[in-house]
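Everything on this sheet refers to the single structure shown next.
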Amino acid sequence: MRAYIEEMLSSGQMQVVAREVDPEHELAAVVAKAQQESRRPILFEDVKGSELPVVSNIYGDRDRLGEMIGDKGRSFCQQWANLMKAGGGELVTVAEAAGEFYSAKISDLPHITYHEKDAGPYITSGIFLANDVDTGVPNLSFHRGMHISDDEIRIRLGTTHDLTKYQARAEEAGEALEVAVLIGPPPVVALAAASPIPSDESEMALVAQLTDGPFRMRPCRHIDIDVPYDTEVVIEGRILPDVRRPEGPFGEFAGYYVDVADNHVLEVLGVTVRKNAYYHALICGSPEDHRLLELALSNRVYAHLNNTIPGILDVACVPNLFNTVVKIDKQYEGQPEQVILGAHGVHHDFVKSVMVVDDDVDMNDLDDVYWAFLTRGPADTRVKTFSGVPGFYRGNKPQNWGRVGFDCTAPLDGRPAFERKRIRGLDSLKLSDYLT
Ligand SMILES: Cc1cc2nc3c(=O)[nH]c(=O)nc-3n(C[C@H](O)[C@H](O)[C@H](O)COP(=O)(O)O)c2cc1C
């Protein structure tokens, strides 16, 4: 991540805040305001109460995520699928170089409180690396962590996740589960962590698959886990068996607060910080969160549709996981309806709405997607509804039940009438050449 931050700084894409900022609400407010204006990442050089500079919105732009996996701006999902078939690199464990890492405490890290009613400061960008107690298969996943003390962080493990299964198996055996929490690892680790793959497959192997050379790891100091070498901050700990303590409320991805609940406890055994480290802060429910969550679902929808229906070009989840946009090369009437049905079958919680668009539509811009729906055919016959289908729930409220699909494509006959008008020179024009 550091190499990436430095590249953003030298190319002028990083926004820099030099003045001191309070981690209690002010930092999140500045990030959120900056996200309203652009997708650029932002660096806070001086955060009250900690030596570490803080970066945010690293992953908030789909094009930047595409660049990270070598996509040349055509189709993120196609490039991901290509990488899954390619050779990949390998993991190599090396010893820590003298003086490169130092020991710290949780209280040395920035204590960032994001939302008005959050219970307190949270770690939101923590990627949990753990090995299955039975098979040793490593898993990576994001989980929020509530700061309690230098020895304790309270965490939320969703019921279906692999880490939850690892922890349950360790707990059955009466054991704590060792976990390394990575803050600011190389970007491929974040991409792999956001991807759900079958629980018997290694997400560290996926990291290797996404790289093309040796990928350096180093052993932890307190637990028997190797972590990506170039990680800014690593919290080493163990999830305690049969211990649950109050965690929350917290403002999470869907834009609402989750209530306080008895959740898992991570006992902290040590914190290692890389010299001159950056700390990654992420606002849950912001574009940065949505783009990471999108990665998992869009690749899954793409893989499923691409196996069954011709002409699938790319998939995005805009503005969030509840709406899936599928870009197709339309070849026959009825194809969008097949896409709608196919996409709805991919996930039991999300894909509440599906929008199918032609190749000339910007699938990352909901205005453009809806423009296509409004201008390329009748409104009444191109909306499909499916009643009574359960979806993502909070507290058993059925607010996400029912599914809907929008065919936003142009009819095949009479296509010339749907050619988009263009302004010559617009794509290559730089406004800064004109403005004073
Ligand atoms: C920024 C971010 C924060 C997340 N926080 C949590 C969390 O607190 N609890 C949780 O269960 N899942 C959380 N998730 C979702 C999981 O990390 C994600 O679904 C992951 O793919 C699960 O991995 P698995 O399929 O290997 O179990 C978060 C995802 C992101 C991108």
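Numbering starts fresh at 1 for the residues of each chain in the structure tokens, the chains themselves are lettered A, B, ... in the order given, and ligands are numbered from 1 as they appear.
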- Write as number ranges by chain the residues around ligand 1, taking 9 Å as the cut-off and counting only C-alpha atoms and all ligand atoms. A: 124-128, 139-145, 155-165, 190-199, 203, 252-253, 282-285, 288-296
Write the residues of the selection above to a file with N, CA and C atoms, as a short mmCIF file (atom, residue, chain, number, x, y, z; two decimals), in the first residue's frame.
data_model
loop_
_atom_site.label_atom_id
_atom_site.label_comp_id
_atom_site.auth_asym_id
_atom_site.auth_seq_id
_atom_site.Cartn_x
_atom_site.Cartn_y
_atom_site.Cartn_z
N THR A 124 -11.56 -0.07 11.03
CA THR A 124 -12.52 -0.45 9.98
C THR A 124 -11.84 -1.11 8.78
N SER A 125 -10.52 -0.97 8.68
CA SER A 125 -9.82 -1.52 7.51
C SER A 125 -9.05 -2.78 7.86
N GLY A 126 -9.32 -3.35 9.02
CA GLY A 126 -8.55 -4.52 9.48
C GLY A 126 -8.89 -5.78 8.68
N ILE A 127 -7.87 -6.38 8.12
CA ILE A 127 -8.04 -7.63 7.37
C ILE A 127 -7.53 -8.76 8.25
N PHE A 128 -8.43 -9.69 8.58
CA PHE A 128 -8.10 -10.75 9.52
C PHE A 128 -7.53 -11.94 8.76
N ASN A 139 -7.28 -17.92 5.66
CA ASN A 139 -8.42 -17.12 5.19
C ASN A 139 -8.17 -15.65 5.49
N LEU A 140 -8.63 -14.81 4.58
CA LEU A 140 -8.54 -13.36 4.75
C LEU A 140 -9.94 -12.78 4.72
N SER A 141 -10.29 -11.91 5.66
CA SER A 141 -11.58 -11.22 5.57
C SER A 141 -11.55 -9.94 6.41
N PHE A 142 -12.30 -8.95 5.95
CA PHE A 142 -12.43 -7.70 6.69
C PHE A 142 -13.40 -7.89 7.85
N HIS A 143 -13.06 -7.37 9.01
CA HIS A 143 -14.01 -7.33 10.13
C HIS A 143 -13.75 -6.07 10.92
N ARG A 144 -14.80 -5.41 11.34
CA ARG A 144 -14.60 -4.20 12.14
C ARG A 144 -14.15 -4.57 13.54
N GLY A 145 -13.43 -3.65 14.20
CA GLY A 145 -12.94 -3.91 15.55
C GLY A 145 -13.11 -2.68 16.41
N ILE A 155 -14.96 -7.62 18.15
CA ILE A 155 -15.08 -7.75 16.69
C ILE A 155 -16.42 -8.35 16.31
N ARG A 156 -16.77 -8.13 15.04
CA ARG A 156 -18.06 -8.65 14.55
C ARG A 156 -17.76 -9.71 13.48
N LEU A 157 -18.21 -10.94 13.74
CA LEU A 157 -18.02 -12.03 12.77
C LEU A 157 -19.39 -12.42 12.22
N GLY A 158 -19.67 -12.08 10.96
CA GLY A 158 -20.95 -12.45 10.34
C GLY A 158 -21.10 -13.97 10.32
N THR A 159 -22.33 -14.44 10.48
CA THR A 159 -22.55 -15.89 10.71
C THR A 159 -22.07 -16.79 9.58
N THR A 160 -22.09 -16.29 8.33
CA THR A 160 -21.76 -17.20 7.22
C THR A 160 -20.28 -17.20 6.85
N HIS A 161 -19.48 -16.34 7.50
CA HIS A 161 -18.10 -16.17 7.02
C HIS A 161 -17.16 -17.29 7.46
N ASP A 162 -16.10 -17.46 6.66
CA ASP A 162 -15.14 -18.53 6.93
C ASP A 162 -14.46 -18.36 8.29
N LEU A 163 -14.11 -17.12 8.64
CA LEU A 163 -13.43 -16.89 9.92
C LEU A 163 -14.34 -17.35 11.08
N THR A 164 -15.65 -17.12 10.90
CA THR A 164 -16.61 -17.52 11.92
C THR A 164 -16.59 -19.05 12.08
N LYS A 165 -16.48 -19.73 10.93
CA LYS A 165 -16.44 -21.20 10.98
C LYS A 165 -15.13 -21.68 11.63
N ALA A 190 -5.98 -6.83 0.07
CA ALA A 190 -7.33 -6.29 0.30
C ALA A 190 -8.30 -6.84 -0.73
N LEU A 191 -7.86 -6.95 -1.97
CA LEU A 191 -8.75 -7.47 -3.02
C LEU A 191 -9.10 -8.93 -2.74
N ALA A 192 -8.09 -9.70 -2.31
CA ALA A 192 -8.36 -11.12 -2.00
C ALA A 192 -9.26 -11.25 -0.78
N ALA A 193 -9.08 -10.36 0.20
CA ALA A 193 -9.89 -10.43 1.43
C ALA A 193 -11.36 -10.16 1.14
N ALA A 194 -11.60 -9.30 0.16
CA ALA A 194 -12.98 -8.96 -0.15
C ALA A 194 -13.67 -10.06 -0.94
N SER A 195 -12.88 -11.02 -1.46
CA SER A 195 -13.46 -12.05 -2.34
C SER A 195 -13.85 -13.29 -1.56
N PRO A 196 -15.10 -13.72 -1.68
CA PRO A 196 -15.44 -14.99 -1.04
C PRO A 196 -15.07 -16.13 -1.98
N ILE A 197 -14.24 -17.03 -1.53
CA ILE A 197 -13.96 -18.23 -2.33
C ILE A 197 -14.30 -19.41 -1.44
N PRO A 198 -14.45 -20.62 -1.99
CA PRO A 198 -14.83 -21.76 -1.14
C PRO A 198 -13.89 -21.89 0.05
N SER A 199 -14.46 -22.29 1.21
CA SER A 199 -13.67 -22.22 2.45
C SER A 199 -12.52 -23.22 2.48
N GLU A 203 -6.98 -18.26 0.64
CA GLU A 203 -7.01 -16.89 0.11
C GLU A 203 -5.61 -16.31 -0.01
N GLU A 252 -22.87 0.93 9.81
CA GLU A 252 -22.20 0.04 8.87
C GLU A 252 -22.65 0.20 7.43
N PHE A 253 -22.33 -0.80 6.56
CA PHE A 253 -22.33 -0.60 5.11
C PHE A 253 -23.66 -0.17 4.51
N LEU A 282 -11.14 3.72 6.90
CA LEU A 282 -12.13 3.48 5.85
C LEU A 282 -13.52 3.74 6.44
N ILE A 283 -14.33 4.52 5.76
CA ILE A 283 -15.68 4.76 6.27
C ILE A 283 -16.60 3.66 5.76
N CYS A 284 -17.14 2.86 6.66
CA CYS A 284 -18.08 1.81 6.23
C CYS A 284 -19.30 2.47 5.60
N GLY A 285 -19.74 1.91 4.49
CA GLY A 285 -20.89 2.48 3.78
C GLY A 285 -20.50 3.59 2.81
N GLU A 288 -15.60 3.72 -0.74
CA GLU A 288 -14.45 2.83 -0.57
C GLU A 288 -14.90 1.44 -0.09
N ASP A 289 -15.85 1.41 0.83
CA ASP A 289 -16.40 0.15 1.32
C ASP A 289 -17.18 -0.54 0.19
N HIS A 290 -18.02 0.24 -0.50
CA HIS A 290 -18.87 -0.37 -1.54
C HIS A 290 -18.06 -0.97 -2.67
N ARG A 291 -16.95 -0.29 -3.05
CA ARG A 291 -16.16 -0.81 -4.18
C ARG A 291 -15.48 -2.13 -3.78
N LEU A 292 -15.08 -2.26 -2.51
CA LEU A 292 -14.48 -3.52 -2.07
C LEU A 292 -15.53 -4.63 -2.00
N LEU A 293 -16.70 -4.27 -1.46
CA LEU A 293 -17.77 -5.28 -1.37
C LEU A 293 -18.24 -5.68 -2.76
N GLU A 294 -18.26 -4.70 -3.66
CA GLU A 294 -18.70 -4.94 -5.04
C GLU A 294 -17.83 -5.99 -5.72
N LEU A 295 -16.55 -5.91 -5.42
CA LEU A 295 -15.59 -6.79 -6.07
C LEU A 295 -16.00 -8.26 -5.93
N ALA A 296 -16.39 -8.63 -4.70
CA ALA A 296 -16.75 -10.02 -4.45
C ALA A 296 -18.00 -10.40 -5.22
#
- Message: Using DSSP secondary structure from the backbone, list all alpha helix (DSSP H) positions within segment 147-241 of chain A, as a VMD selection string.
- Response: chain A and resid 162 to 172 187 to 194 203 to 209
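Coordinates place atom CA of Leu431 of chain A at a distance of 29.3 Å from atom CA of Val357 of chain A.
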- Task: Run DSSP on the backbone and give me the residues of segment 71-225 of chain A it puts in strand (DSSP E), as a ChimeraX atom specification.
- Result: /A:90-93,101-104,122-123,127-131,138-142,145-147,152-155,177-183,214-219
- Message: One number please: atom CA of Ser149 of chain A to atom CA of Gly120 of chain A, in Å, one decimal.
- Response: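 Separating atom CA of Ser149 of chain A from atom CA of Gly120 of chain A is a distance of 11.7 Å.
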Who sits within 9 Å of Val207 of chain A, only C-alpha atoms, same chain under 6 positions skipped, as a tab-separated table (two decimals) with N, CA and C atoms, in the first residue's frame:
chain	number	residue	atom	x	y	z
A	88	GLY	N	0.37	-16.82	-12.04
A	88	GLY	CA	0.49	-16.27	-10.69
A	88	GLY	C	1.91	-16.38	-10.13
A	89	GLY	N	2.12	-15.77	-8.94
A	89	GLY	CA	3.44	-15.79	-8.30
A	89	GLY	C	3.47	-16.81	-7.19
A	90	GLU	N	4.44	-16.64	-6.26
A	90	GLU	CA	4.50	-17.57	-5.13
A	90	GLU	C	4.82	-16.83	-3.84
A	91	LEU	N	4.40	-17.42	-2.71
A	91	LEU	CA	4.66	-16.81	-1.40
A	91	LEU	C	6.03	-17.23	-0.92
A	188	VAL	N	-3.28	-6.08	-3.25
A	188	VAL	CA	-3.82	-7.39	-3.67
A	188	VAL	C	-4.39	-8.17	-2.49
A	189	VAL	N	-3.86	-7.92	-1.30
A	189	VAL	CA	-4.36	-8.63	-0.11
A	189	VAL	C	-5.78	-8.14	0.21
A	191	LEU	N	-7.86	-6.95	-1.97
A	191	LEU	CA	-8.75	-7.47	-3.02
A	191	LEU	C	-9.10	-8.93	-2.74
A	192	ALA	N	-8.09	-9.70	-2.31
A	192	ALA	CA	-8.36	-11.12	-2.00
A	192	ALA	C	-9.26	-11.25	-0.78
A	193	ALA	N	-9.08	-10.36	0.20
A	193	ALA	CA	-9.89	-10.43	1.43
A	193	ALA	C	-11.36	-10.16	1.14
A	215	PHE	N	5.99	-13.13	-3.58
A	215	PHE	CA	5.24	-12.26	-2.66
A	215	PHE	C	5.78	-12.52	-1.26
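Atom CA of Pro219 of chain A is found 7.1 Å from atom CA of Ala95 of chain A.
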- Query: For Glu6 of chain A, which residue out of A:Arg376, A:Pro110, A:Cys220, A:Ile42 is the nearest one, using only C-alpha atoms?
  - Reply: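 Ranked by minimum distance to Glu6 of chain A, first place goes to A:Ile42.
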- Which is closer to Pro53 of chain A than all the others in A:Ser353, A:Thr409, A:Ser387, A:Asn276, using only C-alpha atoms?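 Between A:Ser353, A:Thr409, A:Ser387, A:Asn276, the residue approaching Pro53 of chain A most closely is A:Asn276.
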- Message: Report as a PyMOL selection string all protein, DNA and RNA residues lying within 8 Å of His344 of chain A, evaluated on only C-alpha atoms, omitting residues in the same chain fewer than 6 positions from it.
- Response: chain A and resi 351-354+403
